[in-house]
Amino acid sequence: MRTILPLLAIALFVAGCTSAGIIPPQDTSLDPEPRTMHLSEMATELGWVYETGPQPYQFTMKSPKGDLVTFKTGSDIVIINSTRWRQERDSTENQYGNDLFLPESTFNFLCKRFGQHHLQRGPLRKSSVDLTPLTPDAPPSVPKAADGPLKGFTICVDAGHGGKDEGGSANGVIEKDIVLPASLRLRDLLAGAGATVIMTRTSDVYPELEDRCNMANAAKADLFVSVHANIAPNSDEVAGFEVFYKGGAQQSARLANAIVSAMDDATDSPNRGAKVDPRGLRVLEKTKMPAVLVELGFMSNAAEARRLATKSYQDKMADAMFAGITQYCTKGKATVSK
Ligand SMILES: [Zn+2]
């Protein structure tokens with residue numbers, strides 16, 4: 001990653017000479033277009049530094065405290081500390097490829113978010129008051145209840161994919177973004193019932209599969225629940241939830257069945273059942289406790305993708321996973337053998 005501040009200084013100097021530089025503030029009441037700011041100007045105003053990379057067409061801006069904001073040329077997505085937001089319009093690169101033009105509303109949003117209200121440019125246009133969140137911030141965890149039906153159980157919740165690994169995506173829905181909120185809600189429900197919860201991730205990061213298994217094994221978790229969403233490569237008709245377990249693992253099969261049946265109670269979505277994993281999924285092979293991989297639904301089915309993208313359906317599926325896990329833990333003897 002190469003810092004471009006020296007280049008920037010030259011660019012600004014040249015820009016100053018040619019008057020093609022930073023666009024001056026304009027009268028918003030007369031201007032139907034969103035107002036523009038350079039990334040370099042945003043960084044200077046905020047007292048942050050910016051760099052190109054690490055990926056091609058990527059620009060990052062970093063606060064002295066380590067906050068990280070990432071933009072991509074030609075994209076309206078901005079990632080603020082691993083949370084994705086949609087800008088008013090795309091980021092566009094300048095002619096030198098060393099700076100971005102950004103909507104001024106993005107700057108105002110950053111000022112608000114990082115407590116620098118005094119820097120905000122106003123008056124704000126109606127449409128530019130805020131950016132649209134694409135993934136919610138991780139809610140703070142509900143503290144573990146002292147007592148409850150899951151007291152004494154340690155449960156590892158694995159939100160699939162994350163970070164560089166988007167998982168599947170179809171119909172505008174990205175797997176890593178929908179399994180995280182469902183997993184975080186499951187975490188809170190489990191903790192609220194007295195369980196000790198281990199999360200393999202709580203934000204948009206990618207732990208290796210090996211590391212996810214190690215986390216659960218090291219914590220001697222009683223259960224491992226991996227949360228995913230599905231793609232049917234050759235059909236947009238397939239829909240419904242299903243839960244995989246390792247063949248021959250009886251406790252895992254019992255857990256899978258408990259979750260499937262709770263999901264069946266909670267939704268009208270097709271029930272594809274509890275199934276033996278045909279693929280040798282790493283998280284089911286390398287974990288030493290009863291383990292399941294839940295597929296919440298098919299993003300490749302347009303109607304199901306729409307459902308999966310809503311908080312209410314993510315919540316519903318998390319509630320059902322919780323109900324199934326509770327049923328498994330409290331009915332009959334749960335053992336730590338597979
Ligand atoms: Zn997946």
# chains A, B, ... in the order shown; residues from 1 in each chain; ligands from 1
>>> residues_near_ligand(ligand="ligand 1", cutoff="7 Å", atoms="only C-alpha atoms and all ligand atoms", output="count of residues only")
8
>>> residues_around(residues="stretch 294-299 of chain A", least_positions_apart="4", cutoff="8 Å", atoms="only C-alpha atoms", output="VMD selection string")
chain A and resid 168 to 171 173 175 225 to 232 238 to 244 304 to 305 308 317
>>> write_last_selection(atoms="N, CA and C atoms", output="PDB file, in the first residue's frame")
ATOM      1  N   GLY A 168     -22.419 -16.863  -0.960  1.00  0.00           N
ATOM      2  CA  GLY A 168     -23.210 -16.774  -2.184  1.00  0.00           C
ATOM      3  C   GLY A 168     -23.851 -15.404  -2.296  1.00  0.00           C
ATOM      4  N   SER A 169     -24.247 -15.058  -3.528  1.00  0.00           N
ATOM      5  CA  SER A 169     -25.055 -13.848  -3.665  1.00  0.00           C
ATOM      6  C   SER A 169     -25.954 -13.996  -4.875  1.00  0.00           C
ATOM      7  N   ALA A 170     -27.173 -13.549  -4.731  1.00  0.00           N
ATOM      8  CA  ALA A 170     -28.142 -13.591  -5.822  1.00  0.00           C
ATOM      9  C   ALA A 170     -29.272 -12.646  -5.477  1.00  0.00           C
ATOM     10  N   ASN A 171     -29.904 -12.132  -6.515  1.00  0.00           N
ATOM     11  CA  ASN A 171     -31.046 -11.225  -6.326  1.00  0.00           C
ATOM     12  C   ASN A 171     -30.722 -10.072  -5.385  1.00  0.00           C
ATOM     13  N   VAL A 173     -28.892 -10.076  -2.814  1.00  0.00           N
ATOM     14  CA  VAL A 173     -28.674 -10.465  -1.424  1.00  0.00           C
ATOM     15  C   VAL A 173     -27.316 -11.146  -1.308  1.00  0.00           C
ATOM     16  N   GLU A 175     -24.752 -13.359   1.038  1.00  0.00           N
ATOM     17  CA  GLU A 175     -24.877 -14.305   2.148  1.00  0.00           C
ATOM     18  C   GLU A 175     -24.262 -13.788   3.441  1.00  0.00           C
ATOM     19  N   VAL A 225     -22.987 -24.306  15.850  1.00  0.00           N
ATOM     20  CA  VAL A 225     -24.056 -24.013  14.897  1.00  0.00           C
ATOM     21  C   VAL A 225     -23.534 -23.007  13.868  1.00  0.00           C
ATOM     22  N   SER A 226     -23.413 -23.461  12.620  1.00  0.00           N
ATOM     23  CA  SER A 226     -22.916 -22.607  11.551  1.00  0.00           C
ATOM     24  C   SER A 226     -24.107 -22.124  10.727  1.00  0.00           C
ATOM     25  N   VAL A 227     -24.158 -20.826  10.477  1.00  0.00           N
ATOM     26  CA  VAL A 227     -25.339 -20.235   9.837  1.00  0.00           C
ATOM     27  C   VAL A 227     -24.996 -19.759   8.422  1.00  0.00           C
ATOM     28  N   HIS A 228     -25.742 -20.256   7.444  1.00  0.00           N
ATOM     29  CA  HIS A 228     -25.484 -19.952   6.030  1.00  0.00           C
ATOM     30  C   HIS A 228     -26.792 -19.695   5.285  1.00  0.00           C
ATOM     31  N   ALA A 229     -26.661 -19.279   4.030  1.00  0.00           N
ATOM     32  CA  ALA A 229     -27.806 -19.209   3.118  1.00  0.00           C
ATOM     33  C   ALA A 229     -27.350 -19.812   1.796  1.00  0.00           C
ATOM     34  N   ASN A 230     -28.295 -20.269   1.019  1.00  0.00           N
ATOM     35  CA  ASN A 230     -28.047 -21.179  -0.089  1.00  0.00           C
ATOM     36  C   ASN A 230     -28.197 -20.544  -1.464  1.00  0.00           C
ATOM     37  N   ILE A 231     -27.553 -21.195  -2.432  1.00  0.00           N
ATOM     38  CA  ILE A 231     -27.726 -20.861  -3.846  1.00  0.00           C
ATOM     39  C   ILE A 231     -27.989 -22.179  -4.584  1.00  0.00           C
ATOM     40  N   ALA A 232     -28.995 -22.212  -5.422  1.00  0.00           N
ATOM     41  CA  ALA A 232     -29.178 -23.355  -6.324  1.00  0.00           C
ATOM     42  C   ALA A 232     -28.695 -22.900  -7.692  1.00  0.00           C
ATOM     43  N   VAL A 238     -35.939 -23.427  -6.563  1.00  0.00           N
ATOM     44  CA  VAL A 238     -35.694 -24.096  -5.279  1.00  0.00           C
ATOM     45  C   VAL A 238     -35.760 -23.086  -4.145  1.00  0.00           C
ATOM     46  N   ALA A 239     -36.467 -23.453  -3.072  1.00  0.00           N
ATOM     47  CA  ALA A 239     -36.564 -22.574  -1.906  1.00  0.00           C
ATOM     48  C   ALA A 239     -36.670 -23.438  -0.649  1.00  0.00           C
ATOM     49  N   GLY A 240     -36.441 -22.812   0.487  1.00  0.00           N
ATOM     50  CA  GLY A 240     -36.645 -23.506   1.759  1.00  0.00           C
ATOM     51  C   GLY A 240     -35.373 -23.624   2.575  1.00  0.00           C
ATOM     52  N   PHE A 241     -35.563 -24.058   3.809  1.00  0.00           N
ATOM     53  CA  PHE A 241     -34.441 -24.199   4.749  1.00  0.00           C
ATOM     54  C   PHE A 241     -34.053 -25.669   4.885  1.00  0.00           C
ATOM     55  N   GLU A 242     -32.805 -25.895   5.279  1.00  0.00           N
ATOM     56  CA  GLU A 242     -32.333 -27.254   5.529  1.00  0.00           C
ATOM     57  C   GLU A 242     -31.152 -27.176   6.489  1.00  0.00           C
ATOM     58  N   VAL A 243     -30.898 -28.289   7.187  1.00  0.00           N
ATOM     59  CA  VAL A 243     -29.819 -28.311   8.175  1.00  0.00           C
ATOM     60  C   VAL A 243     -28.970 -29.561   7.953  1.00  0.00           C
ATOM     61  N   PHE A 244     -27.663 -29.356   7.800  1.00  0.00           N
ATOM     62  CA  PHE A 244     -26.752 -30.472   7.539  1.00  0.00           C
ATOM     63  C   PHE A 244     -26.022 -30.915   8.806  1.00  0.00           C
ATOM     64  N   GLU A 304     -37.652 -15.776  -1.973  1.00  0.00           N
ATOM     65  CA  GLU A 304     -36.977 -16.103  -0.717  1.00  0.00           C
ATOM     66  C   GLU A 304     -35.853 -15.108  -0.428  1.00  0.00           C
ATOM     67  N   ALA A 305     -35.185 -14.644  -1.488  1.00  0.00           N
ATOM     68  CA  ALA A 305     -34.135 -13.631  -1.303  1.00  0.00           C
ATOM     69  C   ALA A 305     -34.724 -12.393  -0.651  1.00  0.00           C
ATOM     70  N   LEU A 308     -35.296 -13.192   2.962  1.00  0.00           N
ATOM     71  CA  LEU A 308     -34.030 -13.327   3.705  1.00  0.00           C
ATOM     72  C   LEU A 308     -33.392 -11.969   3.996  1.00  0.00           C
ATOM     73  N   MET A 317     -35.915 -16.615  11.817  1.00  0.00           N
ATOM     74  CA  MET A 317     -35.058 -17.794  11.675  1.00  0.00           C
ATOM     75  C   MET A 317     -34.127 -17.937  12.891  1.00  0.00           C
TER      76      MET A 317
END
>>> atom_distance(atom1="atom CA of A:Thr154", atom2="atom CA of A:Ile198")
7.4 Å
>>> closest_atom_pairs(of="stretch 241-313 of chain A", to="stretch 205-221 of chain A", cutoff="12 Å", atoms="only C-alpha atoms", output="tab-separated table")
residue	atom	partner	partner_atom	distance
A:Leu281	CA	A:Leu209	CA	9.6
A:Arg282	CA	A:Leu209	CA	6.8
A:Val283	CA	A:Cys213	CA	6.0
A:Leu284	CA	A:Cys213	CA	8.5
A:Glu285	CA	A:Cys213	CA	9.0
A:Lys286	CA	A:Cys213	CA	6.1
A:Thr287	CA	A:Cys213	CA	5.2
A:Lys288	CA	A:Asn217	CA	6.2
A:Met289	CA	A:Ala221	CA	6.8
A:Pro290	CA	A:Ala221	CA	9.1
A:Ala291	CA	A:Ala221	CA	10.0
>>> select_by_dssp(residues="stretch 171-309 of chain A", states="strand (DSSP E or B)", output="VMD selection string")
chain A and resid 173 to 174 196 to 199 223 to 230 241 to 245 271 to 276 291 to 298
>>> residues_around(residues="A:Val157", least_positions_apart="2", cutoff="7 Å", atoms="only C-alpha atoms", output="ChimeraX atom specification")
/A:155,159,183,187,198-200,224-226
>>> closest_residue(among="A:Leu190, A:Val78, A:Leu223, A:Ile174", to="A:Ala145", atoms="only C-alpha atoms")
A:Leu190
>>> atom_distance(atom1="atom CA of A:Pro54", atom2="atom CA of A:Phe71")
11.1 Å
>>> closest_residue(among="A:Met61, A:Leu255, A:Ile80, A:Val197", to="A:Gly324", atoms="only C-alpha atoms")
A:Leu255
>>> residues_around(residues="A:Thr60", least_positions_apart="5", cutoff="8 Å", atoms="only C-alpha atoms", output="JSON, numbers by chain")
{"A": [50, 51, 52, 53, 68, 69, 70, 71]}
>>> closest_residue(among="A:Gly248, A:Gly163, A:Pro233, A:Pro181", to="A:Ala318", atoms="only C-alpha atoms")
A:Pro181
>>> residues_around(residues="A:Ala323", least_positions_apart="3", cutoff="8 Å", atoms="only C-alpha atoms", output="PyMOL selection string")
chain A and resi 259+262+319-320+326-327
>>> write_last_selection(atoms="N, CA and C atoms", output="PDB file, in the first residue's frame")
ATOM      1  N   ILE A 259     -33.743 -28.280  15.120  1.00  0.00           N
ATOM      2  CA  ILE A 259     -33.745 -26.949  14.493  1.00  0.00           C
ATOM      3  C   ILE A 259     -34.708 -26.915  13.303  1.00  0.00           C
ATOM      4  N   ALA A 262     -38.240 -26.727  14.507  1.00  0.00           N
ATOM      5  CA  ALA A 262     -38.595 -25.391  15.013  1.00  0.00           C
ATOM      6  C   ALA A 262     -38.787 -24.405  13.853  1.00  0.00           C
ATOM      7  N   ASP A 319     -34.871 -16.940  15.916  1.00  0.00           N
ATOM      8  CA  ASP A 319     -35.743 -17.413  16.996  1.00  0.00           C
ATOM      9  C   ASP A 319     -35.972 -18.921  16.871  1.00  0.00           C
ATOM     10  N   ALA A 320     -36.141 -19.381  15.631  1.00  0.00           N
ATOM     11  CA  ALA A 320     -36.375 -20.807  15.418  1.00  0.00           C
ATOM     12  C   ALA A 320     -35.117 -21.625  15.744  1.00  0.00           C
ATOM     13  N   THR A 326     -32.690 -24.989  22.168  1.00  0.00           N
ATOM     14  CA  THR A 326     -33.211 -25.124  23.534  1.00  0.00           C
ATOM     15  C   THR A 326     -33.914 -26.470  23.691  1.00  0.00           C
ATOM     16  N   GLN A 327     -34.676 -26.819  22.679  1.00  0.00           N
ATOM     17  CA  GLN A 327     -35.369 -28.114  22.708  1.00  0.00           C
ATOM     18  C   GLN A 327     -34.334 -29.245  22.820  1.00  0.00           C
TER      19      GLN A 327
END
>>> decode(residues="stretch 231-281 of chain A", atoms="C-alpha atoms", output="mmCIF file, in the first residue's frame")
data_model
loop_
_atom_site.group_PDB
_atom_site.id
_atom_site.type_symbol
_atom_site.label_atom_id
_atom_site.label_comp_id
_atom_site.auth_asym_id
_atom_site.auth_seq_id
_atom_site.Cartn_x
_atom_site.Cartn_y
_atom_site.Cartn_z
ATOM 1 C CA ILE A 231 -27.726 -20.861 -3.846
ATOM 2 C CA ALA A 232 -29.178 -23.355 -6.324
ATOM 3 C CA PRO A 233 -26.909 -22.879 -9.336
ATOM 4 C CA ASN A 234 -29.297 -24.204 -11.951
ATOM 5 C CA SER A 235 -32.684 -23.240 -10.647
ATOM 6 C CA ASP A 236 -34.412 -20.165 -9.344
ATOM 7 C CA GLU A 237 -37.337 -22.317 -8.222
ATOM 8 C CA VAL A 238 -35.694 -24.096 -5.279
ATOM 9 C CA ALA A 239 -36.564 -22.574 -1.906
ATOM 10 C CA GLY A 240 -36.645 -23.506 1.759
ATOM 11 C CA PHE A 241 -34.441 -24.199 4.749
ATOM 12 C CA GLU A 242 -32.333 -27.254 5.529
ATOM 13 C CA VAL A 243 -29.819 -28.311 8.175
ATOM 14 C CA PHE A 244 -26.752 -30.472 7.539
ATOM 15 C CA TYR A 245 -24.927 -32.758 9.958
ATOM 16 C CA LYS A 246 -22.083 -35.229 9.656
ATOM 17 C CA GLY A 247 -23.202 -38.731 8.722
ATOM 18 C CA GLY A 248 -23.203 -41.079 11.710
ATOM 19 C CA ALA A 249 -23.088 -38.253 14.248
ATOM 20 C CA GLN A 250 -26.229 -39.057 16.212
ATOM 21 C CA GLN A 251 -26.271 -36.042 18.517
ATOM 22 C CA SER A 252 -25.649 -33.752 15.570
ATOM 23 C CA ALA A 253 -28.562 -35.408 13.757
ATOM 24 C CA ARG A 254 -30.787 -34.857 16.786
ATOM 25 C CA LEU A 255 -29.774 -31.173 16.929
ATOM 26 C CA ALA A 256 -30.361 -30.783 13.177
ATOM 27 C CA ASN A 257 -33.821 -32.302 13.483
ATOM 28 C CA ALA A 258 -34.710 -30.089 16.434
ATOM 29 C CA ILE A 259 -33.745 -26.949 14.493
ATOM 30 C CA VAL A 260 -35.550 -28.029 11.310
ATOM 31 C CA SER A 261 -38.695 -28.770 13.224
ATOM 32 C CA ALA A 262 -38.595 -25.391 15.013
ATOM 33 C CA MET A 263 -38.140 -23.659 11.637
ATOM 34 C CA ASP A 264 -41.048 -25.637 10.262
ATOM 35 C CA ASP A 265 -43.203 -24.370 13.128
ATOM 36 C CA ALA A 266 -42.055 -20.778 12.614
ATOM 37 C CA THR A 267 -42.462 -20.338 8.841
ATOM 38 C CA ASP A 268 -44.402 -21.431 5.787
ATOM 39 C CA SER A 269 -41.156 -21.825 3.828
ATOM 40 C CA PRO A 270 -40.482 -25.265 2.344
ATOM 41 C CA ASN A 271 -38.902 -27.669 4.826
ATOM 42 C CA ARG A 272 -36.035 -29.472 3.076
ATOM 43 C CA GLY A 273 -35.220 -31.391 6.192
ATOM 44 C CA ALA A 274 -32.223 -32.444 8.274
ATOM 45 C CA LYS A 275 -29.666 -34.002 5.942
ATOM 46 C CA VAL A 276 -26.368 -35.845 6.030
ATOM 47 C CA ASP A 277 -23.652 -33.530 4.714
ATOM 48 C CA PRO A 278 -22.545 -34.983 1.362
ATOM 49 C CA ARG A 279 -19.620 -32.568 0.940
ATOM 50 C CA GLY A 280 -17.423 -33.186 3.984
ATOM 51 C CA LEU A 281 -17.918 -29.616 5.203
#
